[in-house]
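Structure first, commentary second.
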Amino acid sequence: MDLDAVRTFVAAVEAGRFQDAATDLSITQQAVSKRIAALEKSLGVRLFTRTARGAVLTGDGDAFLPHARELLSAELRALASVRTGPLRVDVIGRRLCPATLLRGFHEAHPDIALEVATLFDTAVAALRDGSIDASFRAVVALPDDLDAQWVLDEPIQLLCGSRHPLAGAPSVAPGELAGHRIRLPGVVPGTEWGAYYAEFAAAFDLWIDAAGPNFGTEVVLDTIAESGEVVTLVGAGSRVSWPPGHDLRRVPIEAPVPVYPHSLVWRRGNAHPGLTALRQHLATSEHVAGAWRPSWAAQPSQTVPSTG
């Protein structure tokens with residue numbers, strides 16, 4: 001199976017549109033379409049339904065997605081078994097805040113060879129078996145053989161359509177979101193983002209709607225654009241794009257500001273020199289004062305563990 005095609009498929013799922021996937025992969029949109037078409041031919045199924053607003057996974061595409069991610073993880077494990085070299089770092093998704101942090105590191109250290117992975121929910125296993133050197137996660141709990149360093153508090157924002165009652169607000173307090181339907185289909189139990197939003201919802205009596213299949217970011221954006229009632233939540237550093245006709249609004253959440261606590265995680269004893277440079281590069285951020293963070297997150301007074 002063509003792993004470049006599989007990688008393109010996963011990138012298209014994460015981006016929601018072939019055009020955005022092409023940007024993320026630094027190839028043309030035509031190349032994305034050709035790779036997806038070749039993969040569909042190889043599998044004998046349609047993976048996407050194309051719409052004017054983006055690409056939506058079919059049932060077969062949704063079934064293939066976890067296996068596609070595992071194929072990419074297996075590729076990393078195979079490379080790790082026969083060579084050392086580039087620093088391999090997982091950013092969960094290429095349009096999320098950690099990808100921007102890693103891009104800043106690459107710009108500051110262009111001499112350090114770097115490979116970027118998007119392993120979603122398999123990164124901890126990849127860290128433990130040596131497939132990757134580091135991953136950006138929100139740390140709920142860690143196995144004894146892993147260590148972590150807090151790197152960034154990312155404010156969470158409200159994203160809503162222009163007809164929503166909160167669309168014109170300069171900011172909202174978390175309690176003001178009570179009673180509003182907050183659509184987050186990717187928030188599932190067993191993930192750190194699931195743990196984060198579960199505690200956030202409990203703290204402010206919020207309605208997080210994660211029911212039903214996850215058809216991707218594009219469908220969520222369509223839903224909130226067409227509704228005066230449904231909203232979603234996004235990280236302030238997430239790159240989210242939508243058609244001009246959607247007229248969506250980002251509204252800051254304040255008093256307190258809920259922050260998503262990003263940390264860098266690595267396996268103890270990993271002596272890759274690039275990992276040391278990455279940790280030093282990321283050790284400059286400051287906690288957001290007075291922010292809301294879950295009980296399991298590193299608090300501003302806590303020290304960061306170090307393994308050298």
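Please note that chains go A, B, ... in the order of the structure tokens, that every chain numbers its residues from 1, and that ligands are numbered from 1 in the order shown.
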
Report as JSON lines the residues of region 21-112 of chain A within 9 Å of region 278-300 of chain A, each with its shortest atom pair and distance in Å (one decimal), using only C-alpha atoms, ordered by chain and increasing residue number.
{"residue": "A:Leu101", "atom": "CA", "partner": "A:Leu282", "partner_atom": "CA", "distance": 8.0}
{"residue": "A:Leu102", "atom": "CA", "partner": "A:Leu278", "partner_atom": "CA", "distance": 8.4}
{"residue": "A:Gly104", "atom": "CA", "partner": "A:His281", "partner_atom": "CA", "distance": 9.0}
{"residue": "A:Phe105", "atom": "CA", "partner": "A:His281", "partner_atom": "CA", "distance": 6.6}
{"residue": "A:Ala108", "atom": "CA", "partner": "A:His281", "partner_atom": "CA", "distance": 8.5}
{"residue": "A:His109", "atom": "CA", "partner": "A:Leu278", "partner_atom": "CA", "distance": 8.9}

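Contact shell of region 110-115 of chain A at 12 Å (only C-alpha atoms; same-chain neighbours under 4 positions omitted): Leu76, Leu79, Ala80, Thr84, Gly85, Pro86, Leu87, Arg88, Val89, Asp90, Val91, Ala99, Leu102, Arg103, Gly104, Phe105, His106, Ser131, Ile132, Asp133, Ala134, Ser135, His272, Pro273, Gly274, Leu275, Thr276, Ala277 and Leu278 of chain A.
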
As a short mmCIF file (atom, residue, chain, number, x, y, z; two decimals) with all heavy atoms, in the first residue's frame, please: every residue in region 119-305 of chain A that DSSP puts in strand (DSSP E or B).
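Once everything was written out, this is result20.cif:
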data_model
loop_
_atom_site.label_atom_id
_atom_site.label_comp_id
_atom_site.auth_asym_id
_atom_site.auth_seq_id
_atom_site.Cartn_x
_atom_site.Cartn_y
_atom_site.Cartn_z
N ALA A 134 9.19 12.66 20.79
CA ALA A 134 8.43 13.54 21.68
C ALA A 134 7.03 13.74 21.11
O ALA A 134 6.78 13.52 19.92
CB ALA A 134 9.13 14.89 21.84
N SER A 135 6.13 14.17 21.99
CA SER A 135 4.76 14.46 21.58
C SER A 135 4.22 15.60 22.42
O SER A 135 4.56 15.74 23.60
CB SER A 135 3.88 13.22 21.76
OG SER A 135 2.52 13.52 21.45
N PHE A 136 3.39 16.44 21.82
CA PHE A 136 2.70 17.48 22.55
C PHE A 136 1.38 16.92 23.06
O PHE A 136 0.53 16.49 22.27
CB PHE A 136 2.43 18.69 21.66
CG PHE A 136 3.66 19.48 21.31
CD1 PHE A 136 4.40 19.19 20.17
CD2 PHE A 136 4.07 20.54 22.11
CE1 PHE A 136 5.54 19.92 19.84
CE2 PHE A 136 5.20 21.28 21.80
CZ PHE A 136 5.93 20.97 20.66
N ARG A 137 1.18 16.90 24.36
CA ARG A 137 -0.04 16.36 24.95
C ARG A 137 -0.48 17.24 26.12
O ARG A 137 0.32 18.01 26.66
CB ARG A 137 0.16 14.94 25.51
CG ARG A 137 1.01 14.00 24.69
CD ARG A 137 0.44 13.67 23.35
NE ARG A 137 -0.83 12.95 23.44
CZ ARG A 137 -1.48 12.49 22.37
NH1 ARG A 137 -1.00 12.69 21.16
NH2 ARG A 137 -2.62 11.85 22.51
N LEU A 146 7.95 7.67 31.09
CA LEU A 146 7.82 8.91 30.34
C LEU A 146 7.96 10.11 31.28
O LEU A 146 7.68 10.02 32.47
CB LEU A 146 6.47 8.99 29.62
CG LEU A 146 6.15 7.91 28.59
CD1 LEU A 146 4.82 8.20 27.91
CD2 LEU A 146 7.27 7.75 27.57
N ASP A 147 8.39 11.23 30.72
CA ASP A 147 8.49 12.47 31.48
C ASP A 147 7.86 13.59 30.66
O ASP A 147 7.63 13.42 29.44
CB ASP A 147 9.95 12.78 31.82
CG ASP A 147 10.08 13.61 33.09
OD1 ASP A 147 9.07 14.19 33.53
OD2 ASP A 147 11.19 13.68 33.64
N ALA A 148 7.59 14.71 31.31
CA ALA A 148 6.89 15.80 30.62
C ALA A 148 7.36 17.16 31.10
O ALA A 148 7.87 17.31 32.22
CB ALA A 148 5.38 15.68 30.84
N GLN A 149 7.17 18.14 30.24
CA GLN A 149 7.50 19.53 30.53
C GLN A 149 6.36 20.40 30.03
O GLN A 149 6.01 20.34 28.84
CB GLN A 149 8.82 19.90 29.82
CG GLN A 149 9.14 21.37 29.74
CD GLN A 149 10.39 21.64 28.91
OE1 GLN A 149 11.31 20.83 28.88
NE2 GLN A 149 10.40 22.77 28.21
N TRP A 150 5.74 21.17 30.91
CA TRP A 150 4.69 22.08 30.47
C TRP A 150 5.29 23.10 29.51
O TRP A 150 6.41 23.60 29.74
CB TRP A 150 4.08 22.79 31.68
CG TRP A 150 3.14 23.90 31.29
CD1 TRP A 150 1.81 23.80 31.02
CD2 TRP A 150 3.48 25.28 31.11
NE1 TRP A 150 1.29 25.03 30.68
CE2 TRP A 150 2.30 25.96 30.73
CE3 TRP A 150 4.66 26.00 31.22
CZ2 TRP A 150 2.27 27.33 30.46
CZ3 TRP A 150 4.64 27.37 30.95
CH2 TRP A 150 3.45 28.02 30.58
N VAL A 151 4.56 23.45 28.43
CA VAL A 151 5.10 24.39 27.46
C VAL A 151 4.18 25.56 27.14
O VAL A 151 4.64 26.63 26.75
CB VAL A 151 5.49 23.69 26.13
CG1 VAL A 151 6.61 22.70 26.36
CG2 VAL A 151 4.30 23.03 25.48
N LEU A 152 2.85 25.41 27.29
CA LEU A 152 1.98 26.51 26.87
C LEU A 152 0.58 26.37 27.44
O LEU A 152 0.02 25.27 27.48
CB LEU A 152 1.87 26.54 25.34
CG LEU A 152 1.03 27.68 24.75
CD1 LEU A 152 1.75 29.02 24.94
CD2 LEU A 152 0.73 27.45 23.28
N ASP A 153 0.02 27.50 27.90
CA ASP A 153 -1.41 27.61 28.21
C ASP A 153 -2.08 28.20 26.97
O ASP A 153 -1.84 29.36 26.62
CB ASP A 153 -1.64 28.56 29.38
CG ASP A 153 -1.39 27.93 30.73
OD1 ASP A 153 -1.30 26.69 30.80
OD2 ASP A 153 -1.30 28.68 31.72
N GLU A 154 -2.92 27.41 26.30
CA GLU A 154 -3.63 27.91 25.11
C GLU A 154 -5.07 28.27 25.49
O GLU A 154 -5.86 27.40 25.85
CB GLU A 154 -3.65 26.87 24.00
CG GLU A 154 -4.37 27.36 22.75
CD GLU A 154 -4.50 26.30 21.67
OE1 GLU A 154 -4.21 25.12 21.96
OE2 GLU A 154 -4.90 26.66 20.54
N PRO A 155 -5.46 29.56 25.42
CA PRO A 155 -6.83 29.94 25.74
C PRO A 155 -7.83 29.25 24.82
O PRO A 155 -7.58 29.07 23.62
CB PRO A 155 -6.84 31.45 25.53
CG PRO A 155 -5.41 31.87 25.70
CD PRO A 155 -4.61 30.73 25.13
N ILE A 156 -8.96 28.84 25.38
CA ILE A 156 -10.05 28.26 24.61
C ILE A 156 -11.04 29.36 24.26
O ILE A 156 -11.38 30.20 25.10
CB ILE A 156 -10.75 27.14 25.41
CG1 ILE A 156 -9.76 26.04 25.76
CG2 ILE A 156 -11.94 26.57 24.62
CD1 ILE A 156 -9.14 25.35 24.57
N GLN A 157 -11.51 29.39 23.02
CA GLN A 157 -12.42 30.41 22.55
C GLN A 157 -13.75 29.81 22.08
O GLN A 157 -13.81 28.64 21.72
CB GLN A 157 -11.79 31.20 21.39
CG GLN A 157 -10.53 31.95 21.75
CD GLN A 157 -9.94 32.70 20.57
OE1 GLN A 157 -10.16 32.33 19.41
NE2 GLN A 157 -9.19 33.75 20.84
N LEU A 158 -14.77 30.65 22.10
CA LEU A 158 -16.07 30.28 21.55
C LEU A 158 -16.06 30.56 20.05
O LEU A 158 -15.54 31.59 19.61
CB LEU A 158 -17.16 31.11 22.22
CG LEU A 158 -18.58 30.98 21.68
CD1 LEU A 158 -19.16 29.62 22.05
CD2 LEU A 158 -19.47 32.10 22.21
N LEU A 159 -16.60 29.65 19.25
CA LEU A 159 -16.77 29.87 17.82
C LEU A 159 -18.24 29.67 17.51
O LEU A 159 -18.81 28.60 17.79
CB LEU A 159 -15.91 28.88 17.02
CG LEU A 159 -15.89 29.08 15.49
CD1 LEU A 159 -15.28 30.43 15.14
CD2 LEU A 159 -15.12 27.96 14.81
N CYS A 160 -18.87 30.69 16.93
CA CYS A 160 -20.31 30.63 16.68
C CYS A 160 -20.66 31.36 15.38
O CYS A 160 -19.86 32.11 14.83
CB CYS A 160 -21.10 31.22 17.84
SG CYS A 160 -20.79 32.97 18.16
N GLY A 161 -21.88 31.12 14.91
CA GLY A 161 -22.37 31.81 13.73
C GLY A 161 -22.85 33.20 14.05
O GLY A 161 -23.08 33.56 15.21
N VAL A 172 -17.08 36.49 26.62
CA VAL A 172 -18.08 35.83 27.46
C VAL A 172 -17.38 35.14 28.62
O VAL A 172 -16.20 34.77 28.53
CB VAL A 172 -18.92 34.78 26.67
CG1 VAL A 172 -19.69 35.45 25.55
CG2 VAL A 172 -18.02 33.68 26.13
N ARG A 181 -25.88 24.72 23.39
CA ARG A 181 -25.40 23.44 22.86
C ARG A 181 -24.01 23.64 22.26
O ARG A 181 -23.85 24.34 21.26
CB ARG A 181 -26.36 22.91 21.81
CG ARG A 181 -25.95 21.58 21.20
CD ARG A 181 -26.86 21.20 20.05
NE ARG A 181 -26.40 20.04 19.33
CZ ARG A 181 -26.83 19.68 18.13
NH1 ARG A 181 -27.77 20.39 17.52
NH2 ARG A 181 -26.34 18.61 17.53
N ILE A 182 -23.01 23.01 22.87
CA ILE A 182 -21.62 23.13 22.43
C ILE A 182 -21.26 21.85 21.70
O ILE A 182 -21.07 20.79 22.31
CB ILE A 182 -20.67 23.36 23.62
CG1 ILE A 182 -21.11 24.60 24.41
CG2 ILE A 182 -19.24 23.52 23.13
CD1 ILE A 182 -20.34 24.80 25.70
N ARG A 183 -21.16 21.93 20.38
CA ARG A 183 -20.95 20.74 19.54
C ARG A 183 -19.46 20.44 19.45
O ARG A 183 -18.67 21.22 18.91
CB ARG A 183 -21.53 20.98 18.16
CG ARG A 183 -21.41 19.81 17.20
CD ARG A 183 -22.30 18.67 17.60
NE ARG A 183 -22.23 17.56 16.63
CZ ARG A 183 -22.18 16.30 16.97
NH1 ARG A 183 -22.23 15.94 18.25
NH2 ARG A 183 -22.13 15.36 16.05
N TRP A 207 -23.15 22.17 28.49
CA TRP A 207 -23.69 21.08 27.68
C TRP A 207 -22.72 20.83 26.52
O TRP A 207 -22.73 21.55 25.53
CB TRP A 207 -25.08 21.45 27.16
CG TRP A 207 -25.69 20.47 26.20
CD1 TRP A 207 -25.33 19.18 25.99
CD2 TRP A 207 -26.77 20.72 25.30
NE1 TRP A 207 -26.11 18.60 25.03
CE2 TRP A 207 -27.02 19.53 24.58
CE3 TRP A 207 -27.57 21.83 25.04
CZ2 TRP A 207 -28.01 19.42 23.62
CZ3 TRP A 207 -28.57 21.75 24.08
CH2 TRP A 207 -28.78 20.54 23.39
N ILE A 208 -21.87 19.82 26.66
CA ILE A 208 -20.96 19.41 25.60
C ILE A 208 -21.64 18.30 24.81
O ILE A 208 -21.86 17.20 25.34
CB ILE A 208 -19.61 18.92 26.16
CG1 ILE A 208 -18.93 20.01 26.99
CG2 ILE A 208 -18.71 18.45 25.02
CD1 ILE A 208 -18.44 21.19 26.22
N ASP A 209 -21.96 18.56 23.56
CA ASP A 209 -22.62 17.57 22.72
C ASP A 209 -21.57 16.87 21.87
O ASP A 209 -21.09 17.41 20.87
CB ASP A 209 -23.66 18.27 21.83
CG ASP A 209 -24.32 17.32 20.85
OD1 ASP A 209 -24.20 16.08 21.04
OD2 ASP A 209 -24.95 17.79 19.88
N VAL A 230 -26.35 26.49 17.98
CA VAL A 230 -25.21 25.61 18.23
C VAL A 230 -23.91 26.40 18.15
O VAL A 230 -23.72 27.25 17.28
CB VAL A 230 -25.18 24.45 17.20
CG1 VAL A 230 -24.06 23.48 17.54
CG2 VAL A 230 -26.51 23.73 17.18
N VAL A 231 -22.96 26.09 19.07
CA VAL A 231 -21.64 26.70 19.05
C VAL A 231 -20.60 25.58 19.16
O VAL A 231 -20.93 24.42 19.36
CB VAL A 231 -21.46 27.69 20.22
CG1 VAL A 231 -22.49 28.80 20.15
CG2 VAL A 231 -21.55 26.97 21.57
N THR A 232 -19.34 25.96 19.03
CA THR A 232 -18.26 25.01 19.30
C THR A 232 -17.15 25.75 20.02
O THR A 232 -17.23 26.98 20.23
CB THR A 232 -17.75 24.34 18.01
OG1 THR A 232 -16.91 23.24 18.35
CG2 THR A 232 -16.97 25.32 17.14
N LEU A 233 -16.12 25.03 20.42
CA LEU A 233 -14.97 25.61 21.11
C LEU A 233 -13.71 25.29 20.33
O LEU A 233 -13.57 24.20 19.79
CB LEU A 233 -14.85 25.06 22.54
CG LEU A 233 -16.05 25.30 23.47
CD1 LEU A 233 -15.85 24.55 24.79
CD2 LEU A 233 -16.26 26.78 23.73
N VAL A 234 -12.79 26.26 20.25
CA VAL A 234 -11.54 26.07 19.54
C VAL A 234 -10.40 26.68 20.34
O VAL A 234 -10.61 27.62 21.12
CB VAL A 234 -11.56 26.71 18.13
CG1 VAL A 234 -12.60 26.04 17.24
CG2 VAL A 234 -11.82 28.21 18.21
N GLY A 235 -9.22 26.16 20.15
CA GLY A 235 -8.05 26.76 20.76
C GLY A 235 -7.69 28.06 20.06
O GLY A 235 -7.85 28.18 18.84
N LEU A 248 -18.45 33.26 10.54
CA LEU A 248 -18.31 32.77 11.92
C LEU A 248 -17.55 33.79 12.77
O LEU A 248 -16.81 34.62 12.26
CB LEU A 248 -17.59 31.42 11.93
CG LEU A 248 -18.23 30.30 11.10
CD1 LEU A 248 -17.47 29.01 11.31
CD2 LEU A 248 -19.70 30.12 11.45
N ARG A 249 -17.74 33.69 14.07
CA ARG A 249 -17.12 34.64 14.99
C ARG A 249 -16.36 33.90 16.08
O ARG A 249 -16.88 32.99 16.71
CB ARG A 249 -18.20 35.52 15.65
CG ARG A 249 -19.23 36.10 14.68
CD ARG A 249 -18.63 37.16 13.78
NE ARG A 249 -19.61 37.61 12.78
CZ ARG A 249 -20.53 38.55 12.99
NH1 ARG A 249 -20.65 39.11 14.19
NH2 ARG A 249 -21.35 38.92 12.01
N ARG A 250 -15.11 34.32 16.32
CA ARG A 250 -14.35 33.85 17.47
C ARG A 250 -14.60 34.82 18.62
O ARG A 250 -14.41 36.03 18.47
CB ARG A 250 -12.85 33.83 17.16
CG ARG A 250 -12.35 32.63 16.36
CD ARG A 250 -10.84 32.76 16.21
NE ARG A 250 -10.23 31.70 15.44
CZ ARG A 250 -9.57 30.65 15.96
NH1 ARG A 250 -9.48 30.54 17.28
NH2 ARG A 250 -9.02 29.75 15.19
N VAL A 251 -15.03 34.32 19.75
CA VAL A 251 -15.31 35.16 20.91
C VAL A 251 -14.44 34.71 22.07
O VAL A 251 -14.51 33.53 22.47
CB VAL A 251 -16.80 35.08 21.31
CG1 VAL A 251 -17.08 36.01 22.49
CG2 VAL A 251 -17.71 35.43 20.12
N PRO A 252 -13.60 35.59 22.63
CA PRO A 252 -12.77 35.19 23.77
C PRO A 252 -13.63 34.80 24.98
O PRO A 252 -14.70 35.37 25.20
CB PRO A 252 -11.96 36.46 24.07
CG PRO A 252 -11.99 37.25 22.79
CD PRO A 252 -13.32 36.96 22.17
N ILE A 253 -13.15 33.83 25.73
CA ILE A 253 -13.79 33.44 26.99
C ILE A 253 -12.90 33.95 28.11
O ILE A 253 -11.70 33.65 28.15
CB ILE A 253 -13.96 31.91 27.07
CG1 ILE A 253 -14.76 31.39 25.87
CG2 ILE A 253 -14.67 31.52 28.37
CD1 ILE A 253 -14.88 29.88 25.81
N PRO A 258 -10.39 29.88 30.29
CA PRO A 258 -10.05 28.45 30.30
C PRO A 258 -8.86 28.21 29.37
O PRO A 258 -8.85 28.68 28.23
CB PRO A 258 -11.32 27.78 29.78
CG PRO A 258 -11.97 28.82 28.92
CD PRO A 258 -11.60 30.17 29.49
N VAL A 259 -7.86 27.51 29.85
CA VAL A 259 -6.67 27.26 29.03
C VAL A 259 -6.45 25.77 28.88
O VAL A 259 -6.71 24.99 29.81
CB VAL A 259 -5.41 27.92 29.61
CG1 VAL A 259 -5.55 29.44 29.62
CG2 VAL A 259 -5.10 27.41 31.02
N TYR A 260 -5.99 25.38 27.70
CA TYR A 260 -5.62 23.99 27.45
C TYR A 260 -4.13 23.87 27.71
O TYR A 260 -3.32 24.53 27.05
CB TYR A 260 -5.96 23.60 26.02
CG TYR A 260 -5.95 22.11 25.79
CD1 TYR A 260 -7.07 21.33 26.08
CD2 TYR A 260 -4.82 21.46 25.29
CE1 TYR A 260 -7.07 19.96 25.89
CE2 TYR A 260 -4.81 20.09 25.09
CZ TYR A 260 -5.94 19.35 25.40
OH TYR A 260 -5.93 17.99 25.20
N PRO A 261 -3.72 23.03 28.67
CA PRO A 261 -2.31 22.99 29.10
C PRO A 261 -1.46 22.04 28.26
O PRO A 261 -1.41 20.84 28.52
CB PRO A 261 -2.41 22.51 30.55
CG PRO A 261 -3.63 21.61 30.54
CD PRO A 261 -4.57 22.17 29.51
N HIS A 262 -0.79 22.57 27.27
CA HIS A 262 0.07 21.74 26.41
C HIS A 262 1.39 21.44 27.12
O HIS A 262 2.02 22.33 27.71
CB HIS A 262 0.38 22.46 25.10
CG HIS A 262 -0.81 22.68 24.23
ND1 HIS A 262 -1.40 21.67 23.49
CD2 HIS A 262 -1.53 23.81 23.97
CE1 HIS A 262 -2.42 22.17 22.81
NE2 HIS A 262 -2.52 23.45 23.09
N SER A 263 1.81 20.19 27.03
CA SER A 263 3.12 19.78 27.55
C SER A 263 3.87 19.02 26.46
O SER A 263 3.25 18.47 25.54
CB SER A 263 2.98 18.89 28.79
OG SER A 263 2.47 19.60 29.89
N LEU A 264 5.17 18.98 26.58
CA LEU A 264 5.98 18.12 25.72
C LEU A 264 6.29 16.87 26.51
O LEU A 264 6.71 16.93 27.68
CB LEU A 264 7.28 18.82 25.33
CG LEU A 264 8.14 18.06 24.31
CD1 LEU A 264 7.50 18.15 22.92
CD2 LEU A 264 9.57 18.61 24.27
N VAL A 265 6.07 15.70 25.91
CA VAL A 265 6.27 14.42 26.57
C VAL A 265 7.34 13.63 25.82
O VAL A 265 7.37 13.64 24.58
CB VAL A 265 4.95 13.61 26.62
CG1 VAL A 265 5.14 12.30 27.36
CG2 VAL A 265 3.85 14.44 27.28
N TRP A 266 8.21 12.94 26.56
CA TRP A 266 9.26 12.14 25.94
C TRP A 266 9.56 10.94 26.82
O TRP A 266 9.15 10.88 27.99
CB TRP A 266 10.53 12.97 25.72
CG TRP A 266 11.17 13.43 26.99
CD1 TRP A 266 12.15 12.80 27.70
CD2 TRP A 266 10.86 14.62 27.73
NE1 TRP A 266 12.48 13.51 28.83
CE2 TRP A 266 11.70 14.63 28.87
CE3 TRP A 266 9.95 15.66 27.54
CZ2 TRP A 266 11.65 15.66 29.81
CZ3 TRP A 266 9.91 16.68 28.48
CH2 TRP A 266 10.74 16.68 29.59
N ARG A 267 10.29 9.98 26.28
CA ARG A 267 10.68 8.79 27.05
C ARG A 267 11.93 9.10 27.85
O ARG A 267 12.89 9.68 27.33
CB ARG A 267 10.93 7.60 26.12
CG ARG A 267 11.17 6.29 26.85
CD ARG A 267 11.29 5.12 25.90
NE ARG A 267 12.44 5.28 25.00
CZ ARG A 267 12.78 4.41 24.08
NH1 ARG A 267 12.06 3.32 23.90
NH2 ARG A 267 13.83 4.63 23.32
N TRP A 292 -8.47 29.23 34.29
CA TRP A 292 -9.04 27.96 34.73
C TRP A 292 -8.30 26.84 34.00
O TRP A 292 -8.13 26.87 32.79
CB TRP A 292 -10.54 27.86 34.39
CG TRP A 292 -11.12 26.55 34.84
CD1 TRP A 292 -11.68 26.27 36.04
CD2 TRP A 292 -11.14 25.32 34.09
NE1 TRP A 292 -12.05 24.95 36.11
CE2 TRP A 292 -11.72 24.33 34.93
CE3 TRP A 292 -10.71 24.95 32.82
CZ2 TRP A 292 -11.91 23.02 34.52
CZ3 TRP A 292 -10.88 23.64 32.42
CH2 TRP A 292 -11.49 22.68 33.26
#

**OP:** Based on DSSP run over this structure's backbone, return all residues of region 50-122 of chain A in alpha helix (DSSP H), as a PyMOL selection string.
**Re:** chain A and resi 59-82+97-108

Original post:
If we count only C-alpha atoms, what is near Gly212 (chain A) at a cut-off of 12 Å, once residues fewer than 5 positions away on the same chain are taken out, given as a PyMOL selection string?
Top reply: chain A and resi 183-188+220

Original post:
When distances are computed from only C-alpha atoms, which of A:Asp145, A:His164, A:Arg77, A:Ile92 shows the smallest separation from Asp129 (chain A)?
Top reply: A:Arg77

Exercise: Glu226 (chain A) partners within 9 Å, only C-alpha atoms, chain neighbours under 5 positions left out, as a JSON list (two decimals) with N, CA and C atoms, in the first residue's frame:
[["chain", "number", "residue", "atom", "x", "y", "z"],
["A", 161, "GLY", "N", -21.88, 31.12, 14.91],
["A", 161, "GLY", "CA", -22.37, 31.81, 13.73],
["A", 161, "GLY", "C", -22.85, 33.20, 14.05],
["A", 163, "ARG", "N", -25.65, 34.58, 13.70],
["A", 163, "ARG", "CA", -27.01, 34.70, 14.23],
["A", 163, "ARG", "C", -27.12, 34.24, 15.68],
["A", 221, "LEU", "N", -18.42, 23.18, 11.36],
["A", 221, "LEU", "CA", -18.49, 24.58, 10.94],
["A", 221, "LEU", "C", -19.76, 24.86, 10.15],
["A", 246, "HIS", "N", -19.90, 31.73, 5.58],
["A", 246, "HIS", "CA", -20.25, 31.22, 6.91],
["A", 246, "HIS", "C", -20.31, 32.34, 7.95]]

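Nearest-residue note for Asn214 (chain A): choosing from A:Ala63, A:Leu177, A:Ala141, A:Ala68, the minimum distance belongs to A:Ala63, counting only C-alpha atoms.
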
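Taking CA of Val240 (chain A) and CA of Glu75 (chain A) as the two end points, the separation is 28.7 Å.
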